[in-house]
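Undergrad: Dropping in run-v1.cif, with mmCIF, C-alpha atoms.
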```cif
data_final
loop_
_atom_site.label_atom_id
_atom_site.label_comp_id
_atom_site.auth_asym_id
_atom_site.auth_seq_id
_atom_site.Cartn_x
_atom_site.Cartn_y
_atom_site.Cartn_z
CA MET P 624 31.05 5.43 9.61
CA GLN P 625 28.23 2.99 8.79
CA ARG P 626 26.38 1.86 11.90
CA PRO P 627 26.35 -1.92 12.47
CA ILE P 628 23.01 -3.57 11.70
CA LYS P 629 21.68 -5.49 14.71
CA VAL P 630 18.78 -7.67 13.65
CA GLN P 631 15.72 -9.08 15.36
CA ILE P 632 13.72 -11.68 13.42
CA VAL P 633 10.07 -12.23 14.35
CA GLU P 634 8.92 -15.31 12.46
CA ASP P 635 7.18 -18.51 13.61
CA HIS P 636 8.39 -20.92 10.90
CA PRO P 637 11.80 -22.48 11.70
CA ALA P 638 12.75 -22.94 8.04
CA VAL P 639 12.10 -19.25 7.32
CA GLN P 640 14.01 -18.26 10.47
CA ILE P 641 17.04 -20.17 9.21
CA ALA P 642 16.75 -18.83 5.65
CA VAL P 643 16.44 -15.21 6.77
CA SER P 644 19.32 -15.60 9.24
CA GLN P 645 21.59 -17.03 6.56
CA MET P 646 20.69 -14.35 4.03
CA LEU P 647 21.38 -11.56 6.50
CA GLU P 648 24.58 -13.10 7.84
CA SER P 649 25.83 -13.34 4.25
CA LYS P 650 25.63 -9.53 4.27
CA ASN P 651 27.48 -9.38 7.62
CA TYR P 652 24.41 -8.29 9.56
CA GLU P 653 24.38 -9.45 13.16
CA ILE P 654 21.42 -11.57 14.30
CA LYS P 655 20.66 -10.53 17.88
CA ALA P 656 17.41 -12.44 18.48
CA ILE P 657 14.81 -14.67 16.85
CA HIS P 658 11.24 -14.74 18.17
CA GLU P 659 8.12 -16.65 17.18
CA THR P 660 5.49 -14.32 18.65
CA VAL P 661 4.82 -10.65 19.22
CA GLU P 662 4.82 -11.24 22.98
CA GLU P 663 8.34 -12.72 22.85
CA ALA P 664 9.59 -9.79 20.78
CA ILE P 665 8.17 -7.19 23.16
CA ASP P 666 9.41 -9.10 26.19
CA TYR P 667 12.89 -9.17 24.73
CA MET P 668 12.88 -5.44 24.09
CA THR P 669 11.61 -4.59 27.58
CA GLN P 670 13.80 -6.98 29.60
CA SER P 671 17.08 -6.89 27.72
CA GLU P 672 19.75 -4.30 27.20
CA THR P 673 19.65 -4.49 23.45
CA ASP P 674 20.91 -2.44 20.56
CA VAL P 675 18.57 -3.91 17.94
CA ASN P 676 17.99 -1.39 15.16
CA PHE P 677 16.37 -3.54 12.47
CA THR P 678 13.49 -6.03 12.60
CA VAL P 679 12.38 -8.50 9.95
CA LEU P 680 8.75 -9.19 10.77
CA ASP P 681 6.15 -11.67 9.58
CA ILE P 682 2.62 -10.34 10.04
CA THR P 683 0.76 -13.64 10.38
CA LEU P 684 1.90 -14.97 13.73
CA PRO P 685 0.33 -17.03 16.52
CA GLY P 686 -1.39 -14.70 18.96
CA PRO P 687 -1.27 -10.95 18.27
CA SER P 688 -0.47 -10.12 14.66
CA GLY P 689 2.71 -8.52 13.43
CA GLU P 690 0.70 -5.38 12.73
CA SER P 691 0.29 -4.89 16.49
CA LEU P 692 4.07 -5.05 16.92
CA VAL P 693 4.54 -2.36 14.29
CA ARG P 694 2.22 -0.06 16.25
CA TYR P 695 3.99 -0.89 19.52
CA TYR P 696 7.44 -0.20 18.09
CA ARG P 697 6.31 3.04 16.53
CA LYS P 698 5.31 4.25 19.98
CA HIS P 699 8.06 2.73 22.13
CA HIS P 700 10.98 2.02 19.77
CA PRO P 701 10.74 4.37 16.78
CA GLU P 702 14.47 3.94 16.19
CA ILE P 703 13.91 0.36 14.96
CA ALA P 704 13.46 0.02 11.19
CA ILE P 705 10.91 -2.67 10.36
CA LEU P 706 10.76 -4.69 7.15
CA ILE P 707 7.61 -6.76 6.67
CA TYR P 708 8.46 -10.18 5.19
CA SER P 709 5.27 -12.11 4.64
CA GLY P 710 3.43 -14.51 2.39
CA THR P 711 0.07 -12.82 2.97
CA SER P 712 -2.23 -12.38 -0.02
CA ASN P 713 -4.10 -9.56 1.74
CA LEU P 714 -2.07 -6.55 0.66
CA ASP P 715 -4.16 -4.20 2.76
CA ILE P 716 -2.22 -5.45 5.80
CA PRO P 717 1.30 -4.41 4.70
CA ILE P 718 -0.15 -1.12 3.50
CA ARG P 719 -1.53 -0.49 7.00
CA CYS P 720 1.76 -1.58 8.55
CA ILE P 721 3.65 0.97 6.47
CA ARG P 722 1.18 3.64 7.55
CA HIS P 723 1.84 2.59 11.16
CA GLY P 724 5.59 3.01 10.69
CA ALA P 725 7.04 -0.07 8.98
CA ARG P 726 9.68 0.84 6.40
CA GLY P 727 8.95 -1.71 3.72
CA PHE P 728 7.39 -4.94 2.53
CA VAL P 729 8.66 -7.99 0.64
CA ARG P 730 6.71 -11.10 -0.24
CA LYS P 731 8.23 -14.41 0.81
CA ALA P 732 7.81 -15.64 -2.76
CA SER P 733 10.08 -12.86 -4.01
CA PRO P 734 13.63 -13.61 -5.23
CA ILE P 735 16.41 -13.51 -2.64
CA ASP P 736 17.96 -10.53 -4.44
CA GLU P 737 14.80 -8.49 -3.88
CA PHE P 738 14.76 -9.33 -0.19
CA LEU P 739 18.42 -8.32 0.22
CA LYS P 740 17.83 -5.13 -1.76
CA ALA P 741 14.91 -4.24 0.52
CA VAL P 742 17.07 -4.91 3.59
CA ASP P 743 19.75 -2.54 2.33
CA VAL P 744 17.21 0.16 1.45
CA VAL P 745 15.50 -0.03 4.85
CA ALA P 746 18.31 -0.90 7.26
CA VAL P 747 21.30 0.82 5.65
CA GLU P 748 19.89 3.70 3.62
CA GLY P 749 17.07 4.46 6.06
CA LYS P 750 14.53 4.67 3.25
CA THR P 751 11.20 2.96 2.58
CA TYR P 752 10.99 -0.02 0.24
CA ILE P 753 7.69 -0.40 -1.62
CA PRO P 754 7.61 -3.26 -4.16
CA GLU P 755 5.90 -2.79 -7.51
CA VAL P 756 3.16 -5.28 -6.57
CA LEU P 757 2.13 -3.00 -3.70
CA ASN P 758 2.18 0.11 -5.89
CA ARG P 759 -0.06 -1.60 -8.45
CA TYR P 760 -2.43 -2.78 -5.75
CA LYS P 761 -2.67 0.70 -4.21
CA ALA P 762 -3.33 2.22 -7.64
CA SER P 763 -6.08 -0.29 -8.44
CA THR P 764 -7.66 0.20 -5.02
CA THR P 765 -7.66 3.97 -5.47
CA SER P 766 -9.27 3.50 -8.87
CA ARG P 767 -12.01 1.24 -7.49
CA ARG P 768 -12.74 3.69 -4.68
CA ALA P 769 -12.88 6.53 -7.16
CA LYS P 770 -15.49 4.70 -9.21
CA ILE P 771 -17.56 3.83 -6.16
CA SER P 772 -17.64 7.45 -5.02
CA LEU P 773 -19.91 8.39 -7.93
CA THR P 774 -23.55 7.39 -8.27
CA SER P 775 -24.51 5.53 -11.42
CA ARG P 776 -26.14 8.66 -12.85
CA GLU P 777 -23.11 10.83 -11.98
CA LEU P 778 -20.89 8.26 -13.68
CA GLU P 779 -23.05 8.40 -16.81
CA VAL P 780 -22.81 12.18 -16.85
CA ALA P 781 -19.02 12.08 -16.37
CA ARG P 782 -18.64 9.66 -19.27
CA LEU P 783 -20.77 11.80 -21.57
CA VAL P 784 -18.89 14.96 -20.58
CA THR P 785 -15.71 13.13 -21.59
CA PHE P 786 -17.27 12.41 -24.99
CA GLY P 787 -17.82 16.16 -25.41
CA ASP P 788 -21.60 16.21 -24.98
CA SER P 789 -23.30 19.41 -23.83
CA ASN P 790 -25.72 19.37 -20.91
CA LEU P 791 -28.62 19.52 -23.36
CA ALA P 792 -27.27 16.55 -25.33
CA ILE P 793 -26.71 14.60 -22.11
CA ALA P 794 -30.29 15.34 -21.02
CA GLU P 795 -31.64 14.02 -24.32
CA LYS P 796 -29.52 10.85 -24.19
CA LEU P 797 -30.44 10.07 -20.58
CA GLY P 798 -34.08 11.11 -20.88
CA ILE P 799 -33.90 13.62 -18.03
CA SER P 800 -34.20 17.39 -17.82
CA GLU P 801 -31.27 19.69 -18.45
CA ARG P 802 -31.72 21.02 -14.91
CA THR P 803 -31.29 17.50 -13.50
CA VAL P 804 -28.14 17.08 -15.60
CA ASN P 805 -26.80 20.32 -14.12
CA ILE P 806 -27.39 18.96 -10.60
CA HIS P 807 -25.69 15.61 -11.34
CA ARG P 808 -22.82 17.36 -13.11
CA SER P 809 -22.25 19.77 -10.22
CA ASN P 810 -22.32 16.95 -7.65
CA MET P 811 -19.98 14.81 -9.75
CA MET P 812 -17.47 17.62 -10.27
CA ARG P 813 -17.49 18.50 -6.57
CA LYS P 814 -16.77 14.87 -5.59
CA ILE P 815 -13.83 14.47 -7.94
CA GLY P 816 -12.48 17.99 -7.48
CA ALA P 817 -12.98 18.98 -11.13
CA HIS P 818 -13.29 22.60 -12.24
CA ASN P 819 -14.08 22.08 -15.91
CA ALA P 820 -14.74 19.47 -18.59
CA THR P 821 -10.99 18.92 -19.08
CA ASP P 822 -10.64 17.95 -15.41
CA VAL P 823 -13.57 15.55 -15.76
CA THR P 824 -12.02 13.97 -18.85
CA ARG P 825 -8.66 13.57 -17.12
CA TYR P 826 -10.35 11.91 -14.13
CA VAL P 827 -12.41 9.53 -16.29
CA ILE P 828 -9.40 8.43 -18.35
CA LYS P 829 -7.09 8.09 -15.33
CA ASN P 830 -9.58 5.88 -13.51
CA LYS P 831 -10.44 3.92 -16.65
CA LEU P 832 -14.14 4.71 -16.44
CA VAL P 833 -14.28 4.41 -20.21
CA GLY P 834 -12.31 2.13 -22.50
CA GLN P 835 -9.87 3.39 -25.13
CA ARG P 836 -11.94 1.81 -27.90
CA GLU P 837 -15.07 3.57 -26.66
CA LEU P 838 -13.23 6.90 -26.63
CA SER P 839 -11.97 6.34 -30.18
CA LEU P 840 -15.41 5.41 -31.48
CA ASN P 841 -17.02 8.49 -29.94
CA ALA P 842 -14.28 10.73 -31.30
CA ALA P 843 -14.94 9.37 -34.77
CA ILE P 844 -18.69 10.07 -34.66
#
```
As structure tokens - that is how I would like this structure written.

TA:
Amino acid sequence: MQRPIKVQIVEDHPAVQIAVSQMLESKNYEIKAIHETVEEAIDYMTQSETDVNFTVLDITLPGPSGESLVRYYRKHHPEIAILIYSGTSNLDIPIRCIRHGARGFVRKASPIDEFLKAVDVVAVEGKTYIPEVLNRYKASTTSRRAKISLTSRELEVARLVTFGDSNLAIAEKLGISERTVNIHRSNMMRKIGAHNATDVTRYVIKNKLVGQRELSLNAAI
């Protein structure tokens, strides 16, 4: 038998409180409590005999942030599934919240259907809801970090390896010795975990370190 969903809303804007309550009640979820701050939410959980098992949480609140509540619940109330519902433009915050134990994230600007879908995924199915916008952001962040991990010279070497140049050809193009190319190539391959030129090429293309047009032009030469 499906367990009843007992909801706690932690949100400081009255209009959003009302909207979230109405959306959840339309799905026959029971609203147990509405709080405007992290302190109120924690106080409720410590002083009340409550059977809350699902929390809709804003992360930009007066006083301690919603992120601190996620960490607190992970330690003291791991049975509570948390869905972040926020208008924040800083997507690093919901990513951290999910790492701390939140089960999903929805932007306040998202359609109602997406919010209700996320609620069902998190509260009913017990799964994690990651919207496409967060997946794209995580992918782009990983790509930027990957690029930054290489020095400018290592990046040049990686690009030229992708174009099929030998170490001697790379040395001639960059105006350095073949021995120096070997050092840069070894360091670059170690950083990206590559074992051969194919691995380097796969890494360069995946992280968009060269454009498709540039690849095509070099292949034609």

Undergrad: Expand the PyMOL selection byres ((chain P and resi 630) around 8) into the explicit residue set it covers here, and present it as a list in words.

TA: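 In the shown coordinates, the PyMOL selection byres ((chain P and resi 630) around 8) covers Ile628, Lys629, Gln631, Ile632, Tyr652, Glu653, Ile654, Lys655, Ala656, Val675, Asn676, Phe677, Thr678 and Val679 of chain P.
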
Undergrad: Skipping near chain neighbours, those fewer than 5 positions away, what residues fall within 10 Å of Gly686 of chain P using all atoms listed in the file, listed as a PyMOL selection string?

TA: chain P and resi 659-662

Undergrad: Residues within 9 Å of (0.8, -7.2, 12.4), file coordinates, counting all atoms listed in the file: what are they? Give the list as a ChimeraX atom specification.

TA: /P:661,680-684,687-694,707,716-717,719-720

Undergrad: Can you translate the PyMOL selection byres ((chain P and resi 832) around 9) into the concrete residues it hits in this file, as an NGL selection string?

TA: :P and (770 or 778 or 781-782 or 826-831 or 833-834)

Undergrad: Between atom CA of Thr821 of chain P and atom CA of Ser772 of chain P, what distance in Å does the model show, to one decimal?

TA: 19.3 Å

Undergrad: Please write as an MDAnalysis selection string the list of polymer residues whose atoms come within 7 Å of (12.4, 1.3, 13.2), counting all atoms listed in the file and keeping to the coordinates of the file.

TA: chainID P and resid 676:677 700:705 725

Undergrad: If you measure from atom CA of Glu755 of chain P to atom CA of Leu647 of chain P, what distance in Å do you get, rounded to one decimal?

TA: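 Distance between the two atoms: 22.6 Å.
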
Undergrad: So what do you get for atom CA of Ile721 of chain P versus atom CA of Ile665 of chain P, distance-wise?

TA: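 One can read the atom CA of Ile721 of chain P to atom CA of Ile665 of chain P distance as 19.1 Å.
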
Undergrad: Compare P:Leu706, P:Val784, P:Lys731, P:Ile641 by their minimum atom-to-atom distance to Val744 of chain P, counting only C-alpha atoms, and give me the closest one.

TA: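 When distances to Val744 of chain P are compared using only C-alpha atoms, the smallest one comes from P:Leu706.
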
Undergrad: Name the residues that the PyMOL selection byres ((chain P and resi 747) around 10) pulls out of this structure, and write them as a list in words.

TA: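 Answer for the PyMOL selection byres ((chain P and resi 747) around 10): Gln625, Arg626, Pro627, Ile628, Phe677, Ala704, Ala741, Val742, Asp743, Val744, Val745, Ala746, Glu748, Gly749 and Lys750 of chain P.
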
Undergrad: Between P:Ser809, P:Val756, P:His658, P:Ser789, single out the one closest to Glu777 of chain P, counting only C-alpha atoms.

TA: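 Result for the nearest residue to Glu777 of chain P: P:Ser809.
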
Undergrad: Taking all atoms listed in the file into account, name the residue in P:Phe728, P:Val804, P:Leu773, P:Lys814 that is nearest to Tyr752 of chain P.

TA: P:Phe728

Undergrad: Would you please work out which residue, of P:Glu663, P:Arg808, P:Leu739, P:Leu783, is nearest to Ser644 of chain P when using only C-alpha atoms?

TA: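 Looking only at the distances to Ser644 of chain P, the closest residue turns out to be P:Leu739.
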